[in-house]
file work.txt (compact mmCIF, C-alpha atoms)
# COMPACT_ATOMS: atom_id res chain seq x y z
CA MET A 1 0.00 0.00 0.00
CA ALA A 2 1.09 3.54 -0.71
CA ARG A 3 1.57 6.47 1.62
CA VAL A 4 0.28 9.83 0.42
CA SER A 5 -0.79 13.19 1.79
CA PHE A 6 -3.94 15.15 1.10
CA ALA A 7 -4.74 18.87 1.26
CA GLY A 8 -8.31 20.15 1.00
CA LEU A 9 -11.04 18.24 2.80
CA GLY A 10 -14.31 19.46 1.37
CA ASN A 11 -16.97 16.96 0.35
CA MET A 12 -14.89 15.51 -2.47
CA GLY A 13 -11.58 15.57 -0.63
CA LYS A 14 -13.03 13.81 2.41
CA SER A 15 -14.61 11.15 0.23
CA MET A 16 -11.32 10.51 -1.56
CA VAL A 17 -9.43 10.18 1.72
CA ARG A 18 -12.06 7.81 3.10
CA ARG A 19 -11.61 5.63 0.03
CA LEU A 20 -7.83 5.58 0.37
CA LEU A 21 -8.03 4.70 4.06
CA ALA A 22 -10.62 1.99 3.46
CA GLU A 23 -8.32 0.36 0.91
CA GLY A 24 -5.36 0.33 3.30
CA HIS A 25 -3.32 3.33 2.11
CA GLY A 26 -1.62 5.55 4.65
CA VAL A 27 -2.86 9.16 4.42
CA THR A 28 -1.65 12.32 6.12
CA VAL A 29 -4.19 15.14 5.97
CA TRP A 30 -4.34 18.91 6.28
CA ASN A 31 -7.18 21.40 5.94
CA ARG A 32 -7.57 25.09 6.66
CA SER A 33 -10.48 24.31 9.01
CA PRO A 34 -9.77 21.54 11.54
CA ALA A 35 -13.15 19.79 11.85
CA ALA A 36 -12.70 17.74 8.69
CA VAL A 37 -9.21 16.73 9.83
CA ASP A 38 -10.56 15.49 13.17
CA GLU A 39 -13.14 13.33 11.39
CA LEU A 40 -10.54 11.65 9.19
CA VAL A 41 -7.98 11.20 11.97
CA ALA A 42 -10.67 9.22 13.78
CA LEU A 43 -10.76 6.93 10.74
CA GLY A 44 -7.01 6.37 10.77
CA ALA A 45 -5.48 9.32 8.94
CA GLU A 46 -2.50 11.18 10.36
CA ARG A 47 -2.65 14.90 11.07
CA ALA A 48 -0.20 17.35 9.46
CA ALA A 49 0.53 20.62 11.20
CA SER A 50 1.23 22.40 7.92
CA VAL A 51 1.31 21.93 4.17
CA ALA A 52 5.10 21.65 4.39
CA ASP A 53 4.60 18.63 6.64
CA LEU A 54 2.46 17.03 3.94
CA PHE A 55 5.39 16.97 1.52
CA ALA A 56 7.54 15.29 4.14
CA ALA A 57 4.94 12.52 4.50
CA GLY A 58 4.62 11.58 0.82
CA PRO A 59 3.24 12.75 -2.55
CA VAL A 60 0.64 15.46 -1.94
CA LEU A 61 -2.80 15.23 -3.52
CA SER A 62 -4.87 18.39 -3.31
CA MET A 63 -8.56 19.12 -3.87
CA LEU A 64 -9.16 22.84 -3.38
CA ALA A 65 -11.99 25.16 -4.33
CA ASP A 66 -10.50 27.47 -6.93
CA ASP A 67 -7.48 29.29 -8.35
CA ALA A 68 -7.08 31.53 -5.31
CA ALA A 69 -7.17 28.64 -2.85
CA VAL A 70 -4.56 26.65 -4.80
CA ALA A 71 -2.25 29.66 -5.02
CA ALA A 72 -2.65 30.46 -1.32
CA VAL A 73 -2.08 26.93 -0.04
CA PHE A 74 0.86 26.17 -2.35
CA ASP A 75 2.63 29.50 -2.15
CA ASP A 76 6.32 30.07 -2.87
CA ALA A 77 7.36 29.55 0.75
CA VAL A 78 5.64 26.16 0.90
CA LEU A 79 7.16 25.05 -2.39
CA ALA A 80 10.64 26.21 -1.35
CA ALA A 81 10.40 24.12 1.82
CA ALA A 82 9.06 21.00 0.10
CA GLY A 83 12.45 19.56 -0.87
CA PRO A 84 13.71 18.18 -4.18
CA ASP A 85 11.77 14.90 -3.96
CA GLY A 86 8.40 16.57 -3.47
CA ILE A 87 5.45 15.72 -5.70
CA HIS A 88 2.18 17.62 -5.93
CA VAL A 89 -0.87 16.21 -7.71
CA SER A 90 -3.39 19.01 -8.23
CA MET A 91 -6.86 17.48 -8.53
CA SER A 92 -8.72 20.79 -8.29
CA THR A 93 -10.78 22.32 -11.07
CA ILE A 94 -8.80 25.45 -11.88
CA SER A 95 -8.30 27.74 -14.86
CA VAL A 96 -5.85 26.99 -17.63
CA ASP A 97 -3.85 30.09 -16.70
CA ALA A 98 -3.63 28.97 -13.07
CA GLY A 99 -2.57 25.51 -14.20
CA ARG A 100 0.24 26.97 -16.30
CA VAL A 101 1.43 29.21 -13.47
CA MET A 102 1.38 26.35 -10.96
CA ALA A 103 3.42 24.14 -13.30
CA GLU A 104 5.99 26.91 -13.77
CA ARG A 105 6.27 27.59 -10.04
CA HIS A 106 6.70 23.92 -9.19
CA GLU A 107 9.33 23.49 -11.89
CA ALA A 108 11.24 26.51 -10.57
CA ALA A 109 11.16 24.98 -7.08
CA GLY A 110 12.28 21.57 -8.37
CA ILE A 111 9.03 19.84 -7.37
CA GLY A 112 7.19 17.28 -9.45
CA TYR A 113 3.75 18.45 -10.54
CA LEU A 114 0.79 16.75 -12.19
CA GLY A 115 -2.65 17.99 -13.16
CA VAL A 116 -5.19 15.27 -12.33
CA PRO A 117 -8.72 16.69 -11.95
CA VAL A 118 -11.51 14.16 -11.63
CA LEU A 119 -14.95 13.40 -13.01
CA GLY A 120 -17.53 12.16 -10.53
CA ARG A 121 -19.42 13.06 -7.38
CA PRO A 122 -18.34 12.30 -3.79
CA SER A 123 -20.32 9.07 -3.84
CA ALA A 124 -18.25 7.92 -6.83
CA ALA A 125 -15.07 8.81 -4.95
CA GLU A 126 -16.03 6.65 -1.96
CA ALA A 127 -16.80 3.77 -4.33
CA GLY A 128 -13.52 4.16 -6.23
CA GLN A 129 -15.41 4.99 -9.44
CA LEU A 130 -14.00 8.40 -10.37
CA ASN A 131 -12.46 9.07 -13.77
CA LEU A 132 -9.06 10.73 -13.41
CA LEU A 133 -7.83 13.13 -16.11
CA ALA A 134 -4.04 12.99 -15.85
CA ALA A 135 -1.51 15.21 -17.57
CA GLY A 136 2.21 15.67 -17.00
CA ASP A 137 5.24 13.41 -16.75
CA SER A 138 4.21 9.88 -17.74
CA GLY A 139 6.67 8.23 -15.37
CA MET A 140 5.28 10.18 -12.43
CA ILE A 141 1.73 9.24 -13.41
CA GLU A 142 2.73 5.60 -13.63
CA SER A 143 4.38 5.69 -10.20
CA LEU A 144 1.14 6.93 -8.65
CA GLU A 145 -1.15 4.51 -10.46
CA PRO A 146 -1.71 2.34 -7.33
CA VAL A 147 -3.22 5.43 -5.69
CA PHE A 148 -5.10 6.54 -8.79
CA SER A 149 -6.54 3.08 -9.40
CA THR A 150 -7.86 3.06 -5.82
CA LEU A 151 -9.71 6.31 -6.40
CA GLY A 152 -10.94 5.76 -9.93
CA ARG A 153 -12.19 3.28 -12.47
CA ARG A 154 -9.72 4.64 -15.04
CA THR A 155 -6.86 7.10 -15.36
CA TRP A 156 -7.13 8.91 -18.68
CA ARG A 157 -3.84 10.27 -20.07
CA VAL A 158 -4.85 13.60 -21.62
CA GLY A 159 -1.56 15.44 -22.22
CA GLU A 160 2.12 15.94 -21.51
CA GLN A 161 1.65 19.36 -19.91
CA PRO A 162 -0.17 19.45 -16.54
CA TRP A 163 -2.41 22.36 -17.57
CA GLN A 164 -3.87 20.26 -20.39
CA ALA A 165 -5.79 18.28 -17.78
CA ASN A 166 -7.37 21.54 -16.65
CA ILE A 167 -8.74 22.37 -20.10
CA VAL A 168 -10.08 18.82 -20.49
CA LYS A 169 -11.89 19.09 -17.12
CA ILE A 170 -13.30 22.49 -18.06
CA THR A 171 -14.50 21.04 -21.37
CA MET A 172 -16.19 18.08 -19.68
CA ASN A 173 -17.98 20.37 -17.24
CA LEU A 174 -19.10 22.60 -20.09
CA LEU A 175 -20.65 19.56 -21.76
CA ILE A 176 -22.50 18.68 -18.53
CA ILE A 177 -23.77 22.25 -18.28
CA HIS A 178 -25.13 22.06 -21.82
CA ALA A 179 -26.86 18.79 -20.93
CA LEU A 180 -28.42 20.41 -17.86
CA GLU A 181 -29.69 23.33 -19.93
CA ALA A 182 -31.01 20.97 -22.62
CA MET A 183 -32.90 18.94 -20.02
CA ALA A 184 -34.22 22.10 -18.35
CA GLU A 185 -35.67 23.29 -21.63
CA GLY A 186 -36.86 19.86 -22.78
CA PHE A 187 -38.55 18.90 -19.52
CA THR A 188 -40.27 22.28 -19.28
CA LEU A 189 -41.50 22.12 -22.87
CA ALA A 190 -42.94 18.63 -22.38
CA GLU A 191 -44.43 19.35 -18.95
CA ARG A 192 -46.31 22.37 -20.20
CA HIS A 193 -47.92 20.14 -22.81
CA GLY A 194 -49.05 17.72 -20.12
CA ILE A 195 -46.25 15.12 -20.30
CA ASP A 196 -45.29 13.30 -17.11
CA PRO A 197 -41.61 14.13 -16.35
CA TYR A 198 -40.94 10.63 -15.02
CA HIS A 199 -42.13 9.04 -18.23
CA LEU A 200 -40.03 11.50 -20.19
CA HIS A 201 -36.96 10.71 -18.10
CA GLU A 202 -37.42 6.99 -18.66
CA LEU A 203 -37.78 7.53 -22.40
CA ILE A 204 -34.70 9.75 -22.61
CA THR A 205 -32.41 7.43 -20.66
CA GLU A 206 -33.53 4.21 -22.35
CA THR A 207 -33.35 5.51 -25.92
CA LEU A 208 -31.40 8.55 -27.09
CA LEU A 209 -29.35 9.72 -24.12
CA THR A 210 -28.08 7.02 -21.80
CA GLY A 211 -25.36 7.58 -19.22
CA PRO A 212 -24.90 9.10 -15.76
CA VAL A 213 -25.52 12.75 -16.66
CA TYR A 214 -28.98 12.21 -18.12
CA GLU A 215 -29.85 9.43 -15.70
CA GLY A 216 -28.75 11.15 -12.48
CA TYR A 217 -29.45 14.79 -13.21
CA GLY A 218 -32.54 13.98 -15.23
CA LYS A 219 -34.01 12.20 -12.23
CA ALA A 220 -33.17 15.18 -10.01
CA ILE A 221 -34.97 17.47 -12.46
CA ALA A 222 -38.01 15.17 -12.64
CA ASP A 223 -38.08 14.95 -8.81
CA ARG A 224 -37.25 18.65 -8.38
CA ALA A 225 -34.84 17.38 -5.71
CA TYR A 226 -31.66 19.46 -5.47
CA LEU A 227 -30.61 19.09 -1.83
CA PRO A 228 -28.22 17.92 -0.63
CA ALA A 229 -26.17 19.11 -3.56
CA GLY A 230 -23.79 16.74 -5.26
CA PHE A 231 -22.26 19.75 -7.01
CA ARG A 232 -23.41 23.25 -6.13
CA THR A 233 -24.78 25.76 -8.63
CA VAL A 234 -22.25 28.37 -7.54
CA LEU A 235 -19.42 26.00 -8.43
CA GLY A 236 -21.03 25.29 -11.79
CA ASP A 237 -21.11 29.02 -12.40
CA LYS A 238 -17.41 29.18 -11.57
CA ASP A 239 -16.65 26.40 -14.02
CA LEU A 240 -18.75 28.05 -16.72
CA ASN A 241 -16.69 31.19 -16.29
CA LEU A 242 -13.49 29.13 -16.55
CA ALA A 243 -14.70 27.87 -19.92
CA ALA A 244 -15.52 31.42 -21.03
CA ALA A 245 -12.03 32.59 -20.03
CA ALA A 246 -10.36 29.68 -21.82
CA ALA A 247 -12.32 30.49 -24.98
CA ASP A 248 -11.51 34.19 -24.76
CA LYS A 249 -7.82 33.36 -24.44
CA ILE A 250 -7.78 31.85 -27.93
CA GLY A 251 -10.35 34.18 -29.51
CA LEU A 252 -13.05 31.50 -29.71
CA GLN A 253 -16.67 32.59 -29.77
CA LEU A 254 -19.02 30.21 -27.93
CA PRO A 255 -22.51 31.26 -29.06
CA THR A 256 -24.41 29.75 -26.13
CA MET A 257 -22.12 31.05 -23.40
CA SER A 258 -23.99 34.26 -22.57
CA ALA A 259 -27.32 32.43 -22.29
CA LEU A 260 -25.83 29.79 -19.98
CA GLN A 261 -24.21 32.45 -17.81
CA ARG A 262 -27.57 34.25 -17.48
CA THR A 263 -29.28 31.02 -16.45
CA PHE A 264 -26.72 30.26 -13.75
CA GLN A 265 -26.71 33.81 -12.42
CA THR A 266 -30.50 33.81 -12.26
CA ALA A 267 -30.47 30.52 -10.34
CA ILE A 268 -28.02 32.04 -7.85
CA ASP A 269 -30.12 35.21 -7.57
CA GLN A 270 -33.19 33.04 -6.89
CA GLY A 271 -31.50 31.41 -3.90
CA MET A 272 -30.17 28.23 -5.50
CA ALA A 273 -26.44 28.91 -5.14
CA ASP A 274 -25.99 25.97 -2.76
CA HIS A 275 -28.49 23.67 -4.49
CA ASP A 276 -27.32 21.04 -6.94
CA TRP A 277 -26.54 22.59 -10.31
CA ALA A 278 -29.42 20.61 -11.85
CA SER A 279 -31.56 23.24 -10.12
CA ILE A 280 -31.01 25.56 -13.07
CA ALA A 281 -34.03 23.70 -14.50
CA GLU A 282 -36.18 25.76 -12.14
CA VAL A 283 -35.06 28.95 -13.86
CA VAL A 284 -36.58 27.72 -17.11
CA ARG A 285 -39.67 26.33 -15.37
CA ARG A 286 -40.32 29.69 -13.73
CA GLY A 287 -39.67 31.65 -16.92

call {"tool": "encode", "arguments": {"input": "work.txt", "output": "structure tokens"}}
result
Amino acid sequence: MARVSFAGLGNMGKSMVRRLLAEGHGVTVWNRSPAAVDELVALGAERAASVADLFAAGPVLSMLADDAAVAAVFDDAVLAAAGPDGIHVSMSTISVDAGRVMAERHEAAGIGYLGVPVLGRPSAAEAGQLNLLAAGDSGMIESLEPVFSTLGRRTWRVGEQPWQANIVKITMNLLIIHALEAMAEGFTLAERHGIDPYHLHELITETLLTGPVYEGYGKAIADRAYLPAGFRTVLGDKDLNLAAAAADKIGLQLPTMSALQRTFQTAIDQGMADHDWASIAEVVRRG
């Protein structure tokens, strides 16, 4: 079994650590708020006093909220203290620009760095059914495969540069957002013509559009059940803006972007920031 460290113990981070512990890996944990650390220490994790201590305990996996959090936790002082054998696996959903900057800063500090964001909800993490999007040095990826294979059903090699994993994750989330908007419009159209949403959901998922996005989020839309959130609307809005920024960087016009941004902002304004992002269906239903 491997020994690793983990920074960032939100819903996803905690679920990933639980999975690693359950499968016999040694895990040292750190979080800016201590309650999540206490919970995992009770399950067998070891407590780190600082992020620098994480590097001393093994390769560091991180799952943090956004660009600012990643930059703050892995600042220059932390990287300088990590030592030449340090490895950081950034599993956060961050911008392409932030991914490039992080790779440059780690290289300057002599620390190994991979971009490995994930696809899946916390429940998938606890079941070891995530999909890992890995980019960076292939030898480093291979050395961590025992850890990755514990967390996920497959590790997808998506590029040689760590930031390429960030654009792939942003792209995948953009596709989910389009599916959510399509279901919001489709369900509302059918419902207003007297169609039962449960029958529609069954038809969709057994004919044209199979798979977890339409099955899981379609059921949430049919049920109008958005709490507890698997992935919050406010985070979906963040990821939508990451896609917009990535497109702007290369001069690409995405014709639906402004409409999607309005939908997400309206959902947030209507009090659904902390609901599951499938709740954007209610914006269309109320329109």

call {"tool": "atom_distance", "arguments": {"input": "work.txt", "atom1": "CA of Pro197 in chain A", "atom2": "CA of Ala222 in chain A"}}
result
5.3 Å

call {"tool": "closest_atom_pairs", "arguments": {"input": "work.txt", "of": "range 80-187 of chain A", "to": "range 22-41 of chain A", "cutoff": "9 Å", "atoms": "all atoms listed in the file", "output": "CSV"}}
result
residue,atom,partner,partner_atom,distance
A:Glu126,CA,A:Ala22,CA,9.0
A:Val147,CA,A:His25,CA,8.1
A:Thr150,CA,A:Glu23,CA,7.3

call {"tool": "atom_distance", "arguments": {"input": "work.txt", "atom1": "CA of Asp66 in chain A", "atom2": "CA of Ser92 in chain A"}}
result
7.0 Å

call {"tool": "closest_residue", "arguments": {"input": "work.txt", "among": "A:Ser95, A:Leu114, A:Met272, A:Tyr217", "to": "Thr205 in chain A", "atoms": "only C-alpha atoms"}}
result
A:Tyr217

call {"tool": "atom_distance", "arguments": {"input": "work.txt", "atom1": "CA of Ala2 in chain A", "atom2": "CA of Pro122 in chain A"}}
result
21.5 Å

call {"tool": "residues_around", "arguments": {"input": "work.txt", "residues": "Ala135 in chain A", "least_positions_apart": "5", "cutoff": "10 Å", "atoms": "only C-alpha atoms", "output": "count of residues only"}}
result
21

call {"tool": "residues_around", "arguments": {"input": "work.txt", "residues": "Tyr226 in chain A", "least_positions_apart": "5", "cutoff": "12 Å", "atoms": "all atoms listed in the file", "output": "PDB file with C-alpha atoms, keeping the file's coordinate frame"}}
result
ATOM      1  CA  GLY A 216     -28.750  11.150 -12.480  1.00  0.00           C
ATOM      2  CA  TYR A 217     -29.450  14.790 -13.210  1.00  0.00           C
ATOM      3  CA  GLY A 218     -32.540  13.980 -15.230  1.00  0.00           C
ATOM      4  CA  LYS A 219     -34.010  12.200 -12.230  1.00  0.00           C
ATOM      5  CA  ALA A 220     -33.170  15.180 -10.010  1.00  0.00           C
ATOM      6  CA  ILE A 221     -34.970  17.470 -12.460  1.00  0.00           C
ATOM      7  CA  PHE A 231     -22.260  19.750  -7.010  1.00  0.00           C
ATOM      8  CA  ARG A 232     -23.410  23.250  -6.130  1.00  0.00           C
ATOM      9  CA  THR A 233     -24.780  25.760  -8.630  1.00  0.00           C
ATOM     10  CA  MET A 272     -30.170  28.230  -5.500  1.00  0.00           C
ATOM     11  CA  ALA A 273     -26.440  28.910  -5.140  1.00  0.00           C
ATOM     12  CA  ASP A 274     -25.990  25.970  -2.760  1.00  0.00           C
ATOM     13  CA  HIS A 275     -28.490  23.670  -4.490  1.00  0.00           C
ATOM     14  CA  ASP A 276     -27.320  21.040  -6.940  1.00  0.00           C
ATOM     15  CA  TRP A 277     -26.540  22.590 -10.310  1.00  0.00           C
ATOM     16  CA  ALA A 278     -29.420  20.610 -11.850  1.00  0.00           C
ATOM     17  CA  SER A 279     -31.560  23.240 -10.120  1.00  0.00           C
ATOM     18  CA  ILE A 280     -31.010  25.560 -13.070  1.00  0.00           C
ATOM     19  CA  ALA A 281     -34.030  23.700 -14.500  1.00  0.00           C
ATOM     20  CA  GLU A 282     -36.180  25.760 -12.140  1.00  0.00           C
TER      21      GLU A 282
END

call {"tool": "residues_around", "arguments": {"input": "work.txt", "residues": "Thr256 in chain A", "least_positions_apart": "5", "cutoff": "12 Å", "atoms": "only C-alpha atoms", "output": "PDB file with C-alpha atoms, keeping the file's coordinate frame"}}
result
ATOM      1  CA  LEU A 174     -19.100  22.600 -20.090  1.00  0.00           C
ATOM      2  CA  LEU A 175     -20.650  19.560 -21.760  1.00  0.00           C
ATOM      3  CA  ILE A 177     -23.770  22.250 -18.280  1.00  0.00           C
ATOM      4  CA  HIS A 178     -25.130  22.060 -21.820  1.00  0.00           C
ATOM      5  CA  GLU A 181     -29.690  23.330 -19.930  1.00  0.00           C
ATOM      6  CA  ALA A 182     -31.010  20.970 -22.620  1.00  0.00           C
ATOM      7  CA  LEU A 240     -18.750  28.050 -16.720  1.00  0.00           C
ATOM      8  CA  ALA A 243     -14.700  27.870 -19.920  1.00  0.00           C
ATOM      9  CA  ALA A 244     -15.520  31.420 -21.030  1.00  0.00           C
ATOM     10  CA  GLN A 261     -24.210  32.450 -17.810  1.00  0.00           C
ATOM     11  CA  ARG A 262     -27.570  34.250 -17.480  1.00  0.00           C
ATOM     12  CA  THR A 263     -29.280  31.020 -16.450  1.00  0.00           C
TER      13      THR A 263
END

call {"tool": "residues_around", "arguments": {"input": "work.txt", "residues": "range 47-57 of chain A", "least_positions_apart": "2", "cutoff": "8 Å", "atoms": "all atoms listed in the file", "output": "PyMOL selection string"}}
result
chain A and resi 3-7+28-30+37+41+45+59-60+73-74+78-79+81-83+86-87

call {"tool": "closest_residue", "arguments": {"input": "work.txt", "among": "A:Ala42, A:Ala125, A:Met257, A:Leu208", "to": "Ser15 in chain A", "atoms": "all atoms listed in the file"}}
result
A:Ala125

call {"tool": "residues_around", "arguments": {"input": "work.txt", "residues": "Ser149 in chain A", "least_positions_apart": "3", "cutoff": "10 Å", "atoms": "all atoms listed in the file", "output": "PyMOL selection string"}}
result
chain A and resi 128-132+144-146+152-155
